[in-house]
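One structure below.
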Amino acid sequence: MKGFGVNKNTNLRKLYNSTNDKNLYLKDKLNLAKNYIETKKILLAEKIYVQLIQEGVQSYDLFFSYALLSRNNLKFKVAKSLLNKSISKYPTKIDQYILLAEICRLEKKFPIALDLLLIARKINPRNANTLYNLSLLYRDLDSKENSLSNVNQAIRLIPNNYVYKLLKADLLKDQHDFEGSRLLLKELYSNKNIKDKKDILLMLSTVERLDSNLLVSEEILLETIKFYPKFSQAYLNLSDLYFEQKLSIKAKEILLRGLEIKSTIMPEMYV
């Protein structure tokens, strides 16, 4: 009996060491893939994920990281396959439902997206990111009250998240509550913790334009271009504003500048 106990403990130690080795191996591989993504070496990161999948590795972090990379590169089929596999194995993880719902929303499969987000909300009703994504979905469904209600709940949970407040400002704008949107955007612009304010300025200029304050809208766009000279969308919006005022020569000049900038910038939003 003594010998049996010794063998049993030895086997447990071997199993423990083996598990630790596998975990360290996976952690190192995922960290390497992350570093590749940060340095824009996307194909090398993808190669690591594919290798791990082919080795039969089962890991939530692997499934989610590879799915996120695939979504960013518009490989929706790959991303959905990974997320469905992950959900079947790790059904209580919330972020995978949110990411899969986002893909379905982009594909305009709204009922599926809604089901996924409602599952995520059931798992944790106080997850602000779930509520934010519900707000985005309800906006696409033209359910304005539901959209505003969900983003308000998200803001109450995380008051300092400026992305949530930017969405609320956008929703208020769409509902022609220009004053409410304007006040929220000015609050965000004055927030010293927000370093990159070009999206705030761009939306504020749109609010002023829709509220028939064309000169104010122009001033904001010129200020945006001054501080963010490579932000092509500001040029395009300013060109539209000039066309609206029948200032064709100025509109074309600004449009050409915007198009020139846009053509020289690599599309990094999917990296």
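To be explicit about the labels: the chains of the structure tokens are called A, B, and onward in the order shown, and within each one the residues are counted from 1, while ligands get numbers from 1 in the order they are shown.
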Item to complete: Tell me, as an MDAnalysis selection string, which residues lie within 10 Å of Asn152 (chain A), counting only C-alpha atoms; anything in the same chain fewer than 6 positions away does not count.
Response: chainID A and resid 128 131:132 135 146 158:159 164:165 167:168
Counting only C-alpha atoms, give me one row per residue of region 65-159 of chain A with an atom at most 8 Å from an atom of region 170-187 of chain A, showing the shortest contact pair and its distance in Å to one decimal, sorted by chain then residue number, as CSV.
```
residue,atom,partner,partner_atom,distance
A:Arg139,CA,A:Leu171,CA,7.9
A:Lys144,CA,A:Leu171,CA,7.6
A:Ser147,CA,A:Leu171,CA,7.9
A:Leu148,CA,A:Leu171,CA,6.9
```
Discussion item. I'd like the interatomic distance between CA of Glu218 (chain A) and CA of Lys246 (chain A), to a tenth of an Å.
Written reply: 14.0 Å
Discussion item. Measuring between only C-alpha atoms, which one of A:Asn72, A:Asn124, A:Ser86, A:Asn31 shows the shortest distance to Ile103 (chain A)?
Written reply: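 Using only C-alpha atoms, the shortest distance to Ile103 (chain A) belongs to A:Asn72.
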Fill in: Selection near Ala234 (chain A), 9 Å with only C-alpha atoms, sequence-local residues under 6 positions removed, as a PyMOL selection string
chain A and resi 198+202+221-222+224-225+228+258
For all heavy atoms, I'd like the residues from the last selection saved as a short mmCIF file (atom, residue, chain, number, x, y, z; two decimals), in the first residue's frame.
```cif
data_model
loop_
_atom_site.label_atom_id
_atom_site.label_comp_id
_atom_site.auth_asym_id
_atom_site.auth_seq_id
_atom_site.Cartn_x
_atom_site.Cartn_y
_atom_site.Cartn_z
N LYS A 198 -10.86 64.60 -31.38
CA LYS A 198 -11.31 64.90 -32.74
C LYS A 198 -12.72 64.39 -33.01
O LYS A 198 -13.50 65.06 -33.71
CB LYS A 198 -10.33 64.34 -33.77
CG LYS A 198 -10.10 62.83 -33.78
CD LYS A 198 -9.12 62.47 -34.87
CE LYS A 198 -8.85 60.98 -34.94
NZ LYS A 198 -8.11 60.50 -33.76
N LEU A 202 -15.86 66.68 -34.12
CA LEU A 202 -16.56 66.36 -35.37
C LEU A 202 -18.06 66.27 -35.13
O LEU A 202 -18.86 66.81 -35.90
CB LEU A 202 -16.04 65.04 -35.94
CG LEU A 202 -16.46 64.72 -37.37
CD1 LEU A 202 -15.76 65.65 -38.36
CD2 LEU A 202 -16.12 63.26 -37.71
N LEU A 221 -14.87 72.89 -37.33
CA LEU A 221 -14.16 72.03 -38.28
C LEU A 221 -12.77 72.59 -38.60
O LEU A 221 -11.80 71.82 -38.71
CB LEU A 221 -14.98 71.87 -39.56
CG LEU A 221 -16.21 70.98 -39.43
CD1 LEU A 221 -17.10 71.08 -40.66
CD2 LEU A 221 -15.81 69.51 -39.19
N LEU A 222 -12.66 73.90 -38.73
CA LEU A 222 -11.34 74.51 -38.96
C LEU A 222 -10.43 74.29 -37.77
O LEU A 222 -9.23 74.05 -37.93
CB LEU A 222 -11.51 76.01 -39.25
CG LEU A 222 -12.14 76.35 -40.61
CD1 LEU A 222 -12.45 77.85 -40.70
CD2 LEU A 222 -11.22 75.93 -41.76
N THR A 224 -10.67 71.76 -35.71
CA THR A 224 -10.34 70.33 -35.74
C THR A 224 -9.19 70.07 -36.70
O THR A 224 -8.24 69.33 -36.38
CB THR A 224 -11.58 69.51 -36.18
OG1 THR A 224 -12.69 69.84 -35.35
CG2 THR A 224 -11.29 68.02 -36.07
N ILE A 225 -9.25 70.67 -37.89
CA ILE A 225 -8.19 70.49 -38.88
C ILE A 225 -6.86 71.07 -38.37
O ILE A 225 -5.79 70.50 -38.61
CB ILE A 225 -8.60 71.14 -40.22
CG1 ILE A 225 -9.73 70.32 -40.86
CG2 ILE A 225 -7.42 71.26 -41.16
CD1 ILE A 225 -10.38 70.98 -42.05
N TYR A 228 -5.79 68.52 -35.68
CA TYR A 228 -5.67 67.16 -36.20
C TYR A 228 -5.57 67.22 -37.73
O TYR A 228 -6.51 66.87 -38.44
CB TYR A 228 -6.87 66.31 -35.77
CG TYR A 228 -7.09 66.27 -34.27
CD1 TYR A 228 -8.00 67.13 -33.66
CD2 TYR A 228 -6.37 65.39 -33.47
CE1 TYR A 228 -8.19 67.10 -32.29
CE2 TYR A 228 -6.55 65.36 -32.09
CZ TYR A 228 -7.47 66.22 -31.51
OH TYR A 228 -7.66 66.19 -30.15
N GLY A 258 -8.77 66.54 -48.32
CA GLY A 258 -9.23 65.41 -47.50
C GLY A 258 -8.99 64.08 -48.18
O GLY A 258 -8.55 63.11 -47.54
#
```
Worksheet item: Pick the closest to Leu106 (chain A) from A:Lys197, A:Lys29, A:Arg71, A:Lys93: which is it, counting only C-alpha atoms?
Response: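 Distance minimum relative to Leu106 (chain A) lands on A:Arg71.
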Could you pull the residues within 12 Å of Glu219 (chain A), counting only C-alpha atoms, minus those fewer than 6 positions along the same chain, as a tab-separated table (two decimals) with N, CA and C atoms, in the first residue's frame?
```
chain	number	residue	atom	x	y	z
A	201	LEU	N	-15.18	66.86	-31.42
A	201	LEU	CA	-15.29	68.07	-32.23
A	201	LEU	C	-16.09	67.82	-33.50
A	202	LEU	N	-15.86	66.68	-34.12
A	202	LEU	CA	-16.56	66.36	-35.37
A	202	LEU	C	-18.06	66.27	-35.13
A	204	LEU	N	-19.72	67.62	-32.61
A	204	LEU	CA	-20.21	68.94	-32.20
A	204	LEU	C	-20.44	69.82	-33.43
A	205	SER	N	-19.56	69.72	-34.41
A	205	SER	CA	-19.75	70.50	-35.64
A	205	SER	C	-21.01	70.05	-36.37
A	206	THR	N	-21.29	68.75	-36.33
A	206	THR	CA	-22.50	68.23	-36.98
A	206	THR	C	-23.75	68.72	-36.27
A	208	GLU	N	-24.07	71.52	-34.60
A	208	GLU	CA	-24.24	72.94	-34.93
A	208	GLU	C	-24.77	73.10	-36.36
A	209	ARG	N	-24.31	72.26	-37.25
A	209	ARG	CA	-24.78	72.32	-38.64
A	209	ARG	C	-26.26	71.98	-38.73
A	213	ASN	N	-26.51	76.43	-37.32
A	213	ASN	CA	-25.42	77.33	-36.92
A	213	ASN	C	-24.20	77.04	-37.81
A	225	ILE	N	-9.25	70.67	-37.89
A	225	ILE	CA	-8.19	70.49	-38.88
A	225	ILE	C	-6.86	71.07	-38.37
A	226	LYS	N	-6.95	72.17	-37.65
A	226	LYS	CA	-5.75	72.80	-37.10
A	226	LYS	C	-5.04	71.86	-36.11
A	234	ALA	N	-12.64	65.35	-41.14
A	234	ALA	CA	-12.93	66.77	-40.88
A	234	ALA	C	-12.93	67.56	-42.18
A	238	LEU	N	-16.17	69.43	-43.81
A	238	LEU	CA	-16.09	70.86	-44.13
A	238	LEU	C	-16.43	71.09	-45.60
A	241	LEU	N	-20.09	71.02	-45.94
A	241	LEU	CA	-20.66	72.26	-45.40
A	241	LEU	C	-20.56	73.40	-46.43
```
Discussion item. For a test of reading the model, state the distance in Å between CA of Asp61 (chain A) and CA of Asp115 (chain A), rounded to one decimal.
Written reply: 23.1 Å
Fill in: Selected residue, from A:Ala113, A:Asp140, A:Ala101, A:Gln153, that lies nearest to Asn127 (chain A) when counting only C-alpha atoms
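Using only C-alpha atoms, Asn127 (chain A) sits closest to A:Gln153.
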Surrounding residues of Thr92 (chain A) excluding itself and chain neighbours under 3 positions, 12 Å, only C-alpha atoms, as an mmCIF file with N, CA and C atoms, in the first residue's frame:
```
data_model
loop_
_atom_site.group_PDB
_atom_site.id
_atom_site.type_symbol
_atom_site.label_atom_id
_atom_site.label_comp_id
_atom_site.auth_asym_id
_atom_site.auth_seq_id
_atom_site.Cartn_x
_atom_site.Cartn_y
_atom_site.Cartn_z
ATOM 1 N N TYR A 60 -10.268 29.624 -23.567
ATOM 2 C CA TYR A 60 -11.128 30.777 -23.826
ATOM 3 C C TYR A 60 -10.319 31.947 -24.370
ATOM 4 N N SER A 86 -16.388 28.565 -28.476
ATOM 5 C CA SER A 86 -16.057 29.062 -27.139
ATOM 6 C C SER A 86 -17.286 29.097 -26.247
ATOM 7 N N ILE A 87 -18.413 29.554 -26.798
ATOM 8 C CA ILE A 87 -19.657 29.638 -26.015
ATOM 9 C C ILE A 87 -20.106 28.259 -25.548
ATOM 10 N N SER A 88 -19.943 27.264 -26.406
ATOM 11 C CA SER A 88 -20.353 25.904 -26.031
ATOM 12 C C SER A 88 -19.486 25.353 -24.906
ATOM 13 N N LYS A 89 -18.224 25.809 -24.835
ATOM 14 C CA LYS A 89 -17.306 25.286 -23.816
ATOM 15 C C LYS A 89 -17.241 26.172 -22.571
ATOM 16 N N ASP A 95 -17.951 38.411 -22.657
ATOM 17 C CA ASP A 95 -17.397 39.140 -23.798
ATOM 18 C C ASP A 95 -17.596 38.425 -25.132
ATOM 19 N N GLN A 96 -17.613 37.094 -25.095
ATOM 20 C CA GLN A 96 -17.787 36.352 -26.348
ATOM 21 C C GLN A 96 -19.182 36.560 -26.935
ATOM 22 N N TYR A 97 -20.189 36.658 -26.072
ATOM 23 C CA TYR A 97 -21.552 36.937 -26.551
ATOM 24 C C TYR A 97 -21.616 38.335 -27.172
ATOM 25 N N ILE A 119 -28.751 37.199 -23.480
ATOM 26 C CA ILE A 119 -28.108 36.136 -22.704
ATOM 27 C C ILE A 119 -26.992 36.735 -21.848
ATOM 28 N N ALA A 120 -26.190 37.602 -22.467
ATOM 29 C CA ALA A 120 -25.095 38.249 -21.732
ATOM 30 C C ALA A 120 -25.643 39.067 -20.564
ATOM 31 N N ARG A 121 -26.742 39.780 -20.798
ATOM 32 C CA ARG A 121 -27.335 40.586 -19.728
ATOM 33 C C ARG A 121 -27.889 39.712 -18.611
ATOM 34 N N LYS A 122 -28.401 38.555 -18.972
ATOM 35 C CA LYS A 122 -28.921 37.629 -17.954
ATOM 36 C C LYS A 122 -27.788 37.100 -17.079
ATOM 37 N N ILE A 123 -26.619 36.829 -17.697
ATOM 38 C CA ILE A 123 -25.461 36.351 -16.942
ATOM 39 C C ILE A 123 -25.002 37.414 -15.947
ATOM 40 N N ASN A 124 -24.961 38.667 -16.407
ATOM 41 C CA ASN A 124 -24.566 39.766 -15.519
ATOM 42 C C ASN A 124 -25.322 41.028 -15.929
#
```
Discussion item. Could you check the closest approach to Phe64 (chain A) for each of A:Ala154, A:Leu99, A:Leu259, A:Phe227 and tell me which residue wins, using only C-alpha atoms?
Written reply: A:Leu99
